[in-house]
Amino acid sequence: GALYCQAQLIIQLSWAARTAIMSSSIVTLATCNLNQWALDFEGNCKRIQKSCEIAKSRGATYRLGPELEICGYGCEDHFLEHDTFVHCWESLAKLIELGCTDDLLCDFGMP
C-alpha cells in the first residue's frame, strides 16, 4: 500500500536526493496550502508546479500538498465519472514531466 508507493518514489529520486533524505538528520519539509479550483486541472497544475519550485528554492526535500490538490474540492458527482480520474493521472504525469519531482519527494493529493 502506502509504504510501497513511498518506496517507489524514493527509488525514482536522483542519487543526490536519496542520499540527502537517507543520511540527513534534518529534513526540510514544505507544506502547501493552495487555492485550488474544482476540475481546473491546468490551473491547479500550475499552482502545484509553482509550490514545488518554491519548496526547492527553500531547500525542502519533502513537499506535502493538500488533499485533492490536483482535481480540487467540490467535484461531487464528477468523482463518479471516469474522466475525472483520467485527468488526474494525466496531470500527475505532466507534473513529473515538468520536473516538479526532481530532487523533491512530493505528496500530491488526488482521488
# chains A, B, ... in the order shown; residues from 1 in each chain; ligands from 1

$ residues_around --residues "region 47-62 of chain A" --least-positions-apart "6" --cutoff "6 Å" --atoms "only C-alpha atoms" --output "list in words"
Thr28, Leu29, Ala30, Cys100, Leu104, Leu105 and Cys106 of chain A

$ residues_around --residues "Gly65 (chain A)" --least-positions-apart "6" --cutoff "6 Å" --atoms "only C-alpha atoms" --output "list in words"
Cys32, Asp107 and Phe108 of chain A

$ closest_residue --among "A:Ser91, A:Asn44, A:Thr31, A:Thr101" --to "Glu69 (chain A)" --atoms "only C-alpha atoms"
A:Asn44

$ atom_distance --atom1 "CA of Cys88 (chain A)" --atom2 "CA of Glu76 (chain A)"
14.8 Å

$ select_by_dssp --residues "region 17-94 of chain A" --states "strand (DSSP E)" --output "list in words"
Leu29, Ala30, Thr31, Tyr62, Arg63 and Leu64 of chain A

$ closest_residue --among "A:Ala93, A:Asn33, A:Ala38, A:Asp103" --to "Asp77 (chain A)" --atoms "only C-alpha atoms"
A:Ala38

$ residues_around --residues "Phe41 (chain A)" --least-positions-apart "5" --cutoff "12 Å" --atoms "only C-alpha atoms" --output "PyMOL selection string"
chain A and resi 36+46-49+68-73+75+83-92+94-95+110

$ write_last_selection --atoms "C-alpha atoms" --output "compact mmCIF listing (two decimals), in the first residue's frame"
# COMPACT_ATOMS: atom_id res chain seq x y z
CA GLN A 36 -7.30 25.10 -5.99
CA LYS A 46 0.41 25.50 -12.47
CA ARG A 47 -0.10 26.29 -8.79
CA ILE A 48 1.33 22.90 -7.77
CA GLN A 49 4.34 23.44 -10.05
CA LEU A 68 -7.38 16.59 -3.66
CA GLU A 69 -5.00 19.33 -4.83
CA ILE A 70 -4.88 18.00 -8.39
CA CYS A 71 -8.63 17.92 -9.06
CA GLY A 72 -9.73 20.39 -6.36
CA TYR A 73 -12.54 20.06 -3.86
CA CYS A 75 -16.07 17.71 -7.68
CA ASP A 83 -12.71 11.22 -16.98
CA THR A 84 -12.04 12.85 -13.61
CA PHE A 85 -9.58 10.10 -12.71
CA VAL A 86 -8.02 10.11 -16.19
CA HIS A 87 -7.41 13.87 -15.98
CA CYS A 88 -5.89 13.46 -12.50
CA TRP A 89 -3.41 10.85 -13.74
CA GLU A 90 -2.61 12.96 -16.82
CA SER A 91 -1.97 15.95 -14.55
CA LEU A 92 0.30 13.89 -12.31
CA LYS A 94 2.60 16.32 -16.51
CA LEU A 95 3.95 17.40 -13.12
CA MET A 110 -5.66 13.18 -5.79

$ select_by_dssp --residues "region 23-96 of chain A" --states "alpha helix (DSSP H)" --output "number ranges by chain"
A: 23, 41-57, 82-96

$ write_last_selection --atoms "N, CA and C atoms" --output "compact mmCIF listing (two decimals), in the first residue's frame"
# COMPACT_ATOMS: atom_id res chain seq x y z
N SER A 23 20.49 10.19 4.61
CA SER A 23 21.61 10.42 5.51
C SER A 23 21.48 11.67 6.36
N PHE A 41 -7.86 21.52 -13.90
CA PHE A 41 -6.64 20.72 -13.89
C PHE A 41 -5.42 21.53 -14.33
N GLU A 42 -5.58 22.35 -15.36
CA GLU A 42 -4.45 23.15 -15.85
C GLU A 42 -4.01 24.18 -14.81
N GLY A 43 -4.95 24.93 -14.28
CA GLY A 43 -4.62 25.94 -13.26
C GLY A 43 -4.08 25.32 -11.99
N ASN A 44 -4.68 24.21 -11.57
CA ASN A 44 -4.21 23.52 -10.37
C ASN A 44 -2.78 23.04 -10.54
N CYS A 45 -2.47 22.51 -11.73
CA CYS A 45 -1.11 22.03 -12.00
C CYS A 45 -0.10 23.19 -11.96
N LYS A 46 -0.49 24.34 -12.50
CA LYS A 46 0.41 25.50 -12.47
C LYS A 46 0.71 25.92 -11.04
N ARG A 47 -0.31 25.91 -10.19
CA ARG A 47 -0.10 26.29 -8.79
C ARG A 47 0.74 25.23 -8.05
N ILE A 48 0.52 23.96 -8.38
CA ILE A 48 1.33 22.90 -7.77
C ILE A 48 2.78 23.04 -8.22
N GLN A 49 2.99 23.27 -9.52
CA GLN A 49 4.34 23.44 -10.05
C GLN A 49 5.05 24.60 -9.34
N LYS A 50 4.36 25.71 -9.18
CA LYS A 50 4.95 26.88 -8.51
C LYS A 50 5.32 26.53 -7.06
N SER A 51 4.44 25.78 -6.37
CA SER A 51 4.73 25.41 -4.98
C SER A 51 5.95 24.49 -4.90
N CYS A 52 6.14 23.64 -5.90
CA CYS A 52 7.32 22.77 -5.93
C CYS A 52 8.59 23.61 -6.14
N GLU A 53 8.50 24.61 -7.01
CA GLU A 53 9.64 25.49 -7.25
C GLU A 53 10.02 26.24 -5.97
N ILE A 54 9.01 26.73 -5.25
CA ILE A 54 9.26 27.45 -4.00
C ILE A 54 9.87 26.51 -2.96
N ALA A 55 9.32 25.30 -2.87
CA ALA A 55 9.84 24.32 -1.91
C ALA A 55 11.31 24.02 -2.18
N LYS A 56 11.66 23.81 -3.45
CA LYS A 56 13.05 23.54 -3.81
C LYS A 56 13.95 24.73 -3.49
N SER A 57 13.47 25.93 -3.81
CA SER A 57 14.29 27.13 -3.58
C SER A 57 14.57 27.36 -2.10
N HIS A 82 -15.39 8.57 -15.06
CA HIS A 82 -14.05 8.03 -15.32
C HIS A 82 -13.08 9.15 -15.75
N ASP A 83 -13.57 10.14 -16.48
CA ASP A 83 -12.71 11.22 -16.98
C ASP A 83 -12.00 11.98 -15.86
N THR A 84 -12.66 12.12 -14.73
CA THR A 84 -12.04 12.85 -13.61
C THR A 84 -10.74 12.16 -13.19
N PHE A 85 -10.77 10.85 -13.10
CA PHE A 85 -9.58 10.10 -12.71
C PHE A 85 -8.52 10.13 -13.81
N VAL A 86 -8.96 10.05 -15.06
CA VAL A 86 -8.02 10.11 -16.19
C VAL A 86 -7.29 11.45 -16.18
N HIS A 87 -8.03 12.54 -16.01
CA HIS A 87 -7.41 13.87 -15.98
C HIS A 87 -6.46 14.03 -14.80
N CYS A 88 -6.79 13.42 -13.66
CA CYS A 88 -5.89 13.46 -12.50
C CYS A 88 -4.57 12.77 -12.82
N TRP A 89 -4.64 11.59 -13.41
CA TRP A 89 -3.41 10.85 -13.74
C TRP A 89 -2.61 11.58 -14.82
N GLU A 90 -3.30 12.18 -15.79
CA GLU A 90 -2.61 12.96 -16.82
C GLU A 90 -1.90 14.16 -16.19
N SER A 91 -2.57 14.80 -15.24
CA SER A 91 -1.97 15.95 -14.55
C SER A 91 -0.75 15.53 -13.75
N LEU A 92 -0.84 14.39 -13.08
CA LEU A 92 0.30 13.89 -12.31
C LEU A 92 1.48 13.60 -13.24
N ALA A 93 1.20 12.98 -14.39
CA ALA A 93 2.26 12.70 -15.36
C ALA A 93 2.90 14.00 -15.85
N LYS A 94 2.08 15.02 -16.06
CA LYS A 94 2.60 16.32 -16.51
C LYS A 94 3.52 16.93 -15.46
N LEU A 95 3.12 16.85 -14.19
CA LEU A 95 3.95 17.40 -13.12
C LEU A 95 5.31 16.70 -13.06
N ILE A 96 5.31 15.39 -13.28
CA ILE A 96 6.56 14.63 -13.28
C ILE A 96 7.41 15.03 -14.48

$ atom_distance --atom1 "CA of Arg63 (chain A)" --atom2 "CA of Val27 (chain A)"
10.8 Å

$ decode --residues "region 27-62 of chain A" --atoms "C-alpha atoms" --output "PDB file, in the first residue's frame"
ATOM      1  CA  VAL A  27      14.879  17.320   6.699  1.00  0.00           C
ATOM      2  CA  THR A  28      13.223  20.469   5.415  1.00  0.00           C
ATOM      3  CA  LEU A  29       9.522  19.849   4.940  1.00  0.00           C
ATOM      4  CA  ALA A  30       7.372  22.078   2.733  1.00  0.00           C
ATOM      5  CA  THR A  31       3.655  22.065   3.453  1.00  0.00           C
ATOM      6  CA  CYS A  32       1.436  23.734   0.892  1.00  0.00           C
ATOM      7  CA  ASN A  33      -1.967  25.314   1.221  1.00  0.00           C
ATOM      8  CA  LEU A  34      -3.077  26.088  -2.323  1.00  0.00           C
ATOM      9  CA  ASN A  35      -6.143  27.878  -3.644  1.00  0.00           C
ATOM     10  CA  GLN A  36      -7.297  25.100  -5.987  1.00  0.00           C
ATOM     11  CA  TRP A  37     -10.453  25.080  -8.104  1.00  0.00           C
ATOM     12  CA  ALA A  38     -12.652  22.062  -8.780  1.00  0.00           C
ATOM     13  CA  LEU A  39     -11.838  20.467 -12.146  1.00  0.00           C
ATOM     14  CA  ASP A  40      -9.353  23.232 -13.102  1.00  0.00           C
ATOM     15  CA  PHE A  41      -6.635  20.723 -13.891  1.00  0.00           C
ATOM     16  CA  GLU A  42      -4.455  23.154 -15.850  1.00  0.00           C
ATOM     17  CA  GLY A  43      -4.619  25.938 -13.261  1.00  0.00           C
ATOM     18  CA  ASN A  44      -4.214  23.524 -10.366  1.00  0.00           C
ATOM     19  CA  CYS A  45      -1.106  22.030 -12.001  1.00  0.00           C
ATOM     20  CA  LYS A  46       0.411  25.496 -12.470  1.00  0.00           C
ATOM     21  CA  ARG A  47      -0.099  26.288  -8.790  1.00  0.00           C
ATOM     22  CA  ILE A  48       1.333  22.900  -7.775  1.00  0.00           C
ATOM     23  CA  GLN A  49       4.342  23.441 -10.049  1.00  0.00           C
ATOM     24  CA  LYS A  50       4.951  26.876  -8.508  1.00  0.00           C
ATOM     25  CA  SER A  51       4.731  25.410  -4.982  1.00  0.00           C
ATOM     26  CA  CYS A  52       7.323  22.771  -5.932  1.00  0.00           C
ATOM     27  CA  GLU A  53       9.643  25.494  -7.246  1.00  0.00           C
ATOM     28  CA  ILE A  54       9.256  27.451  -4.001  1.00  0.00           C
ATOM     29  CA  ALA A  55       9.840  24.318  -1.911  1.00  0.00           C
ATOM     30  CA  LYS A  56      13.051  23.535  -3.806  1.00  0.00           C
ATOM     31  CA  SER A  57      14.287  27.129  -3.585  1.00  0.00           C
ATOM     32  CA  ARG A  58      13.901  26.972   0.195  1.00  0.00           C
ATOM     33  CA  GLY A  59      15.850  23.727   0.478  1.00  0.00           C
ATOM     34  CA  ALA A  60      12.965  21.318   1.035  1.00  0.00           C
ATOM     35  CA  THR A  61      13.461  17.626   0.354  1.00  0.00           C
ATOM     36  CA  TYR A  62       9.809  16.701   1.022  1.00  0.00           C
TER      37      TYR A  62
END
